[in-house]
$ cat work-v5.csv   # CSV, C-alpha atoms
chain,number,residue,atom,x,y,z
A,1,MET,CA,72.9,30.8,-125.6
A,2,HIS,CA,73.0,34.2,-127.2
A,3,LEU,CA,74.8,36.1,-130.0
A,4,ILE,CA,77.5,38.7,-129.5
A,5,THR,CA,79.6,40.6,-132.0
A,6,ALA,CA,83.4,40.5,-132.5
A,7,ASP,CA,83.9,43.6,-130.4
A,8,GLN,CA,82.3,41.9,-127.5
A,9,LEU,CA,84.6,38.8,-127.5
A,10,THR,CA,87.2,38.2,-124.9
A,11,TYR,CA,90.8,37.4,-125.9
A,12,SER,CA,90.5,34.0,-124.0
A,13,ALA,CA,87.3,33.0,-125.8
A,14,PHE,CA,88.9,33.9,-129.2
A,15,ALA,CA,92.1,32.0,-128.3
A,16,ASP,CA,90.0,28.9,-127.3
A,17,MET,CA,88.1,29.1,-130.6
A,18,ILE,CA,91.3,29.4,-132.7
A,19,ASP,CA,92.8,26.4,-130.8
A,20,ASP,CA,89.7,24.3,-131.4
A,21,TYR,CA,90.0,24.9,-135.2
A,22,VAL,CA,93.8,24.4,-135.2
A,23,VAL,CA,93.5,21.1,-133.3
A,24,ALA,CA,91.0,19.9,-135.9
A,25,GLY,CA,93.3,20.9,-138.7
A,26,THR,CA,91.0,23.6,-140.1
A,27,PRO,CA,92.3,27.0,-139.1
A,28,PHE,CA,89.5,29.6,-138.6
A,29,LEU,CA,89.8,32.0,-141.6
A,30,GLY,CA,93.4,30.9,-141.9
A,31,MET,CA,94.3,32.1,-138.4
A,32,THR,CA,96.5,29.8,-136.3
A,33,SER,CA,97.4,32.2,-133.5
A,34,PRO,CA,95.3,34.1,-131.0
A,35,ASP,CA,97.7,37.0,-131.4
A,36,MET,CA,95.5,38.0,-134.4
A,37,PHE,CA,92.7,39.0,-132.0
A,38,PRO,CA,93.1,42.8,-132.1
A,39,TYR,CA,93.4,42.7,-135.9
A,40,PHE,CA,90.4,40.4,-136.2
A,41,VAL,CA,88.1,42.6,-134.1
A,42,ARG,CA,89.2,45.8,-136.0
A,43,THR,CA,88.5,44.0,-139.3
A,44,CYS,CA,85.1,42.8,-138.2
A,45,VAL,CA,84.1,46.3,-137.1
A,46,LYS,CA,85.3,47.9,-140.3
A,47,HIS,CA,83.6,45.3,-142.5
A,48,SER,CA,80.3,45.8,-140.7
A,49,ALA,CA,80.5,49.5,-141.5
A,50,GLY,CA,81.3,48.7,-145.2
A,51,LEU,CA,85.0,49.7,-144.9
A,52,GLY,CA,87.8,47.7,-146.3
A,53,ILE,CA,85.7,45.4,-148.5
A,54,GLY,CA,85.4,45.2,-152.3
A,55,LEU,CA,82.7,47.0,-154.2
A,56,THR,CA,80.8,43.7,-155.0
A,57,VAL,CA,80.9,42.5,-151.4
A,58,SER,CA,78.2,43.4,-148.9
A,59,PRO,CA,79.0,44.8,-145.5
A,60,TYR,CA,78.3,42.1,-142.9
A,61,THR,CA,78.2,41.6,-139.2
A,62,ARG,CA,80.0,38.6,-137.7
A,63,TYR,CA,78.2,37.1,-134.7
A,64,PHE,CA,79.3,34.4,-132.2
A,65,LEU,CA,77.0,32.0,-130.4
A,66,VAL,CA,78.2,32.0,-126.8
A,67,ASP,CA,77.0,30.7,-123.4
A,68,ASP,CA,76.8,32.8,-120.3
A,69,ASP,CA,80.5,32.3,-119.6
A,70,GLY,CA,81.4,33.7,-123.1
A,71,VAL,CA,82.5,30.3,-124.5
A,72,ILE,CA,82.1,30.3,-128.3
A,73,TYR,CA,80.1,27.4,-129.9
A,74,ALA,CA,79.6,28.8,-133.4
A,75,GLN,CA,80.0,31.8,-135.5
A,76,GLY,CA,78.2,33.3,-138.5
A,77,ASP,CA,77.8,36.2,-140.7
A,78,LEU,CA,74.8,38.2,-141.7
A,79,ARG,CA,75.3,40.1,-145.0
A,80,HIS,CA,73.5,43.5,-144.9
A,81,LYS,CA,72.7,43.7,-148.6
A,82,ALA,CA,71.5,41.3,-151.2
A,83,THR,CA,74.2,41.4,-153.8
A,84,LYS,CA,74.1,39.2,-156.9
A,85,HIS,CA,76.9,37.0,-155.5
A,86,ASN,CA,75.2,36.7,-152.1
A,87,VAL,CA,71.8,35.6,-153.5
A,88,THR,CA,73.3,33.3,-156.1
A,89,PHE,CA,76.2,31.5,-154.4
A,90,ALA,CA,77.4,32.9,-151.0
A,91,GLY,CA,74.0,33.3,-149.4
A,92,GLN,CA,72.9,36.2,-147.3
A,93,LEU,CA,74.0,34.5,-144.1
A,94,GLY,CA,76.6,31.8,-143.3
A,95,TYR,CA,77.6,30.0,-140.2
A,96,GLY,CA,80.1,27.5,-138.8
A,97,VAL,CA,80.3,25.4,-135.7
A,98,LEU,CA,83.5,24.9,-133.8
A,99,PRO,CA,84.8,21.4,-134.7
A,100,SER,CA,84.5,20.1,-131.1
A,101,LYS,CA,80.9,21.3,-130.8
A,102,ARG,CA,79.5,19.8,-134.0
A,103,ARG,CA,76.5,17.5,-134.2
A,104,CYS,CA,75.0,19.0,-131.0
A,105,GLY,CA,72.4,21.3,-132.5
A,106,TYR,CA,74.5,24.5,-132.4
A,107,GLY,CA,74.3,24.9,-136.2
A,108,THR,CA,70.5,24.9,-136.1
A,109,MET,CA,70.6,27.3,-133.2
A,110,ILE,CA,73.0,29.9,-134.7
A,111,CYS,CA,71.1,29.7,-138.1
A,112,ALA,CA,67.8,30.5,-136.2
A,113,LYS,CA,69.4,33.4,-134.3
A,114,LEU,CA,70.9,34.8,-137.5
A,115,LEU,CA,67.5,34.6,-139.2
A,116,GLU,CA,66.1,36.6,-136.2
A,117,LYS,CA,68.8,39.3,-136.8
A,118,ALA,CA,67.9,39.4,-140.5
A,119,LYS,CA,64.2,39.9,-139.6
A,120,GLU,CA,65.3,42.8,-137.2
A,121,ARG,CA,67.1,44.3,-140.2
A,122,GLY,CA,63.9,44.3,-142.2
A,123,PHE,CA,64.6,41.3,-144.4
A,124,GLU,CA,61.4,39.6,-145.7
A,125,SER,CA,63.3,36.5,-146.9
A,126,VAL,CA,66.9,35.3,-146.8
A,127,ILE,CA,68.8,33.2,-149.3
A,128,ILE,CA,71.1,30.6,-147.7
A,129,THR,CA,73.4,28.3,-149.6
A,130,CYS,CA,75.5,25.3,-148.9
A,131,ARG,CA,77.6,22.8,-150.9
A,132,ASP,CA,75.5,20.1,-152.4
A,133,ASP,CA,77.5,17.5,-150.5
A,134,ASN,CA,77.1,19.2,-147.1
A,135,VAL,CA,74.2,17.1,-145.8
A,136,GLY,CA,74.6,18.6,-142.3
A,137,SER,CA,74.2,22.2,-143.4
A,138,ALA,CA,71.3,21.3,-145.7
A,139,LYS,CA,69.5,19.8,-142.7
A,140,ILE,CA,70.2,22.9,-140.6
A,141,ILE,CA,68.7,25.1,-143.3
A,142,GLU,CA,65.7,22.9,-143.8
A,143,LYS,CA,65.1,22.8,-140.0
A,144,ASN,CA,65.0,26.6,-140.1
A,145,GLY,CA,62.3,26.7,-142.8
A,146,GLY,CA,64.5,26.7,-145.8
A,147,LYS,CA,62.9,25.7,-149.1
A,148,LEU,CA,65.2,24.4,-151.8
A,149,LEU,CA,65.1,26.7,-154.9
A,150,GLU,CA,67.7,25.0,-157.0
A,151,VAL,CA,71.1,23.4,-157.2
A,152,LEU,CA,73.6,25.5,-159.2
A,153,PHE,CA,77.2,24.9,-160.3
A,154,SER,CA,79.6,27.4,-158.8
A,155,PRO,CA,82.6,27.9,-161.1
A,156,LYS,CA,84.5,29.7,-158.4
A,157,ASP,CA,84.2,26.8,-156.0
A,158,MET,CA,84.0,24.1,-158.7
A,159,THR,CA,81.1,22.5,-156.9
A,160,ASN,CA,77.4,22.3,-156.9
A,161,MET,CA,75.7,24.6,-154.4
A,162,ARG,CA,72.2,24.2,-152.9
A,163,ARG,CA,70.2,27.4,-152.9
A,164,TYR,CA,67.5,27.8,-150.3
A,165,ILE,CA,65.0,30.6,-149.4
A,166,VAL,CA,63.7,31.2,-145.9
A,167,ASN,CA,60.7,33.4,-145.7
A,168,LEU,CA,60.7,35.6,-142.5
A,169,GLN,CA,57.1,36.8,-142.7
$ encode --input "work-v5.csv" --output "structure tokens"
Amino acid sequence: MHLITADQLTYSAFADMIDDYVVAGTPFLGMTSPDMFPYFVRTCVKHSAGLGIGLTVSPYTRYFLVDDDGVIYAQGDLRHKATKHNVTFAGQLGYGVLPSKRRCGYGTMICAKLLEKAKERGFESVIITCRDDNVGSAKIIEKNGGKLLEVLFSPKDMTNMRRYIVNLQ
């Protein structure tokens, strides 16, 4: 298993991922059709370069955990800068596992690989957050060395968020 970026995805892998989320009733980023593939790739490339995002949003790279055949198991973002929103509520990295691939260790794997990317970018530590009721994500973060800093109420999401730090030294 390894990470690739959106511009390395194939149309068929993207289509299979979209279908997996749609079948589960949770469209990936609101997308329900693989016809969004060219737009999606262009958007990911632009956002990684800091283009087409708001002033308070950090550029980010979207990665996909794939096998040697290019099948997607999980996806995640590494935000390039530590903005106030990222280090308080959104986290500096985020991840999601395809619905059909959950509870198989892929969340722990993509989190570890995203932490490696963060270290390569020069991060000394990373803030990762999850909803307080997301026990699975909390376990993933803790398995990857996350230490709970606090639980904060997010007015935007109207929920409590767990805030962890992972030291990369």
$ atom_distance --input "work-v5.csv" --atom1 "atom CA of A:Arg62" --atom2 "atom CA of A:Gly76"
5.7 Å
$ atom_distance --input "work-v5.csv" --atom1 "atom CA of A:Val126" --atom2 "atom CA of A:Gln92"
6.1 Å
$ closest_residue --input "work-v5.csv" --among "A:Thr56, A:Thr26, A:Gln75, A:Thr32" --to "A:Ala6" --atoms "all atoms listed in the file"
A:Gln75
$ closest_residue --input "work-v5.csv" --among "A:Leu98, A:Ala49, A:Lys117, A:Met36" --to "A:Asp77" --atoms "only C-alpha atoms"
A:Lys117
$ closest_residue --input "work-v5.csv" --among "A:Tyr95, A:Phe89, A:Phe123, A:Phe40" --to "A:Pro155" --atoms "all atoms listed in the file"
A:Phe89
$ residues_around --input "work-v5.csv" --residues "A:Asn167" --least-positions-apart "3" --cutoff "12 Å" --atoms "all atoms listed in the file" --output "PyMOL selection string"
chain A and resi 115-116+118-119+122-128+141-142+144-148+164
$ decode --input "work-v5.csv" --residues "stretch 43-133 of chain A" --atoms "C-alpha atoms" --output "PDB file, in the first residue's frame"
ATOM      1  CA  THR A  43      -9.328  21.283  -8.153  1.00  0.00           C
ATOM      2  CA  CYS A  44      -6.953  19.145  -6.076  1.00  0.00           C
ATOM      3  CA  VAL A  45      -3.940  20.377  -8.069  1.00  0.00           C
ATOM      4  CA  LYS A  46      -5.050  24.015  -7.720  1.00  0.00           C
ATOM      5  CA  HIS A  47      -5.717  23.708  -3.983  1.00  0.00           C
ATOM      6  CA  SER A  48      -2.323  22.121  -3.413  1.00  0.00           C
ATOM      7  CA  ALA A  49      -0.772  25.197  -5.030  1.00  0.00           C
ATOM      8  CA  GLY A  50      -2.907  27.496  -2.860  1.00  0.00           C
ATOM      9  CA  LEU A  51      -5.153  28.564  -5.734  1.00  0.00           C
ATOM     10  CA  GLY A  52      -8.936  28.778  -5.512  1.00  0.00           C
ATOM     11  CA  ILE A  53      -9.093  28.563  -1.728  1.00  0.00           C
ATOM     12  CA  GLY A  54     -10.065  31.182   0.820  1.00  0.00           C
ATOM     13  CA  LEU A  55      -7.603  33.373   2.653  1.00  0.00           C
ATOM     14  CA  THR A  56      -8.127  31.527   5.942  1.00  0.00           C
ATOM     15  CA  VAL A  57      -7.738  28.078   4.359  1.00  0.00           C
ATOM     16  CA  SER A  58      -4.379  26.381   4.052  1.00  0.00           C
ATOM     17  CA  PRO A  59      -3.220  24.838   0.797  1.00  0.00           C
ATOM     18  CA  TYR A  60      -3.394  21.068   1.108  1.00  0.00           C
ATOM     19  CA  THR A  61      -2.444  17.935  -0.757  1.00  0.00           C
ATOM     20  CA  ARG A  62      -5.036  15.193  -1.118  1.00  0.00           C
ATOM     21  CA  TYR A  63      -3.583  11.702  -1.022  1.00  0.00           C
ATOM     22  CA  PHE A  64      -5.089   8.299  -1.765  1.00  0.00           C
ATOM     23  CA  LEU A  65      -4.053   5.020  -0.170  1.00  0.00           C
ATOM     24  CA  VAL A  66      -3.916   2.511  -3.012  1.00  0.00           C
ATOM     25  CA  ASP A  67      -2.696  -1.005  -3.642  1.00  0.00           C
ATOM     26  CA  ASP A  68      -0.406  -2.023  -6.508  1.00  0.00           C
ATOM     27  CA  ASP A  69      -3.407  -2.232  -8.853  1.00  0.00           C
ATOM     28  CA  GLY A  70      -4.442   1.349  -8.046  1.00  0.00           C
ATOM     29  CA  VAL A  71      -7.524   0.363  -6.016  1.00  0.00           C
ATOM     30  CA  ILE A  72      -8.350   3.107  -3.506  1.00  0.00           C
ATOM     31  CA  TYR A  73      -8.815   2.128   0.139  1.00  0.00           C
ATOM     32  CA  ALA A  74      -8.710   5.525   1.843  1.00  0.00           C
ATOM     33  CA  GLN A  75      -8.061   9.178   1.169  1.00  0.00           C
ATOM     34  CA  GLY A  76      -6.726  12.030   3.242  1.00  0.00           C
ATOM     35  CA  ASP A  77      -5.522  15.592   3.235  1.00  0.00           C
ATOM     36  CA  LEU A  78      -2.335  17.116   4.600  1.00  0.00           C
ATOM     37  CA  ARG A  79      -2.729  20.847   5.156  1.00  0.00           C
ATOM     38  CA  HIS A  80       0.514  22.654   4.363  1.00  0.00           C
ATOM     39  CA  LYS A  81       0.225  25.442   6.943  1.00  0.00           C
ATOM     40  CA  ALA A  82      -0.898  25.648  10.536  1.00  0.00           C
ATOM     41  CA  THR A  83      -3.808  28.101  10.444  1.00  0.00           C
ATOM     42  CA  LYS A  84      -5.803  28.946  13.567  1.00  0.00           C
ATOM     43  CA  HIS A  85      -8.778  26.931  12.268  1.00  0.00           C
ATOM     44  CA  ASN A  86      -6.591  23.916  11.427  1.00  0.00           C
ATOM     45  CA  VAL A  87      -4.881  23.724  14.795  1.00  0.00           C
ATOM     46  CA  THR A  88      -8.127  24.340  16.688  1.00  0.00           C
ATOM     47  CA  PHE A  89     -10.894  22.415  14.916  1.00  0.00           C
ATOM     48  CA  ALA A  90     -10.050  21.007  11.461  1.00  0.00           C
ATOM     49  CA  GLY A  91      -6.686  19.462  12.257  1.00  0.00           C
ATOM     50  CA  GLN A  92      -3.588  19.613  10.091  1.00  0.00           C
ATOM     51  CA  LEU A  93      -4.467  16.320   8.485  1.00  0.00           C
ATOM     52  CA  GLY A  94      -7.666  14.451   7.897  1.00  0.00           C
ATOM     53  CA  TYR A  95      -8.559  11.094   6.436  1.00  0.00           C
ATOM     54  CA  GLY A  96     -11.452   8.876   5.466  1.00  0.00           C
ATOM     55  CA  VAL A  97     -11.741   5.197   4.611  1.00  0.00           C
ATOM     56  CA  LEU A  98     -14.057   3.964   1.874  1.00  0.00           C
ATOM     57  CA  PRO A  99     -17.215   2.545   3.453  1.00  0.00           C
ATOM     58  CA  SER A 100     -16.599  -1.003   2.181  1.00  0.00           C
ATOM     59  CA  LYS A 101     -13.033  -0.977   3.528  1.00  0.00           C
ATOM     60  CA  ARG A 102     -13.675   0.227   7.093  1.00  0.00           C
ATOM     61  CA  ARG A 103     -12.560  -1.634  10.216  1.00  0.00           C
ATOM     62  CA  CYS A 104      -9.659  -3.312   8.389  1.00  0.00           C
ATOM     63  CA  GLY A 105      -6.767  -1.104   9.556  1.00  0.00           C
ATOM     64  CA  TYR A 106      -6.666   1.238   6.555  1.00  0.00           C
ATOM     65  CA  GLY A 107      -7.471   4.306   8.677  1.00  0.00           C
ATOM     66  CA  THR A 108      -4.477   3.611  10.895  1.00  0.00           C
ATOM     67  CA  MET A 109      -2.351   3.030   7.799  1.00  0.00           C
ATOM     68  CA  ILE A 110      -3.296   6.232   5.964  1.00  0.00           C
ATOM     69  CA  CYS A 111      -2.909   8.290   9.137  1.00  0.00           C
ATOM     70  CA  ALA A 112       0.634   6.904   9.587  1.00  0.00           C
ATOM     71  CA  LYS A 113       1.506   7.619   5.952  1.00  0.00           C
ATOM     72  CA  LEU A 114       0.129  11.170   6.177  1.00  0.00           C
ATOM     73  CA  LEU A 115       2.237  11.717   9.296  1.00  0.00           C
ATOM     74  CA  GLU A 116       5.293  10.585   7.288  1.00  0.00           C
ATOM     75  CA  LYS A 117       4.406  13.181   4.620  1.00  0.00           C
ATOM     76  CA  ALA A 118       4.073  15.838   7.320  1.00  0.00           C
ATOM     77  CA  LYS A 119       7.526  14.969   8.647  1.00  0.00           C
ATOM     78  CA  GLU A 120       8.939  15.175   5.096  1.00  0.00           C
ATOM     79  CA  ARG A 121       7.450  18.693   4.881  1.00  0.00           C
ATOM     80  CA  GLY A 122       9.306  19.680   8.048  1.00  0.00           C
ATOM     81  CA  PHE A 123       6.496  19.499  10.579  1.00  0.00           C
ATOM     82  CA  GLU A 124       7.735  18.821  14.111  1.00  0.00           C
ATOM     83  CA  SER A 125       4.260  18.003  15.361  1.00  0.00           C
ATOM     84  CA  VAL A 126       0.767  17.736  13.917  1.00  0.00           C
ATOM     85  CA  ILE A 127      -2.646  18.506  15.353  1.00  0.00           C
ATOM     86  CA  ILE A 128      -5.329  15.962  14.446  1.00  0.00           C
ATOM     87  CA  THR A 129      -8.953  16.359  15.460  1.00  0.00           C
ATOM     88  CA  CYS A 130     -12.038  14.189  15.406  1.00  0.00           C
ATOM     89  CA  ARG A 131     -15.573  14.406  16.669  1.00  0.00           C
ATOM     90  CA  ASP A 132     -15.827  13.378  20.299  1.00  0.00           C
ATOM     91  CA  ASP A 133     -18.275  10.609  19.370  1.00  0.00           C
TER      92      ASP A 133
END
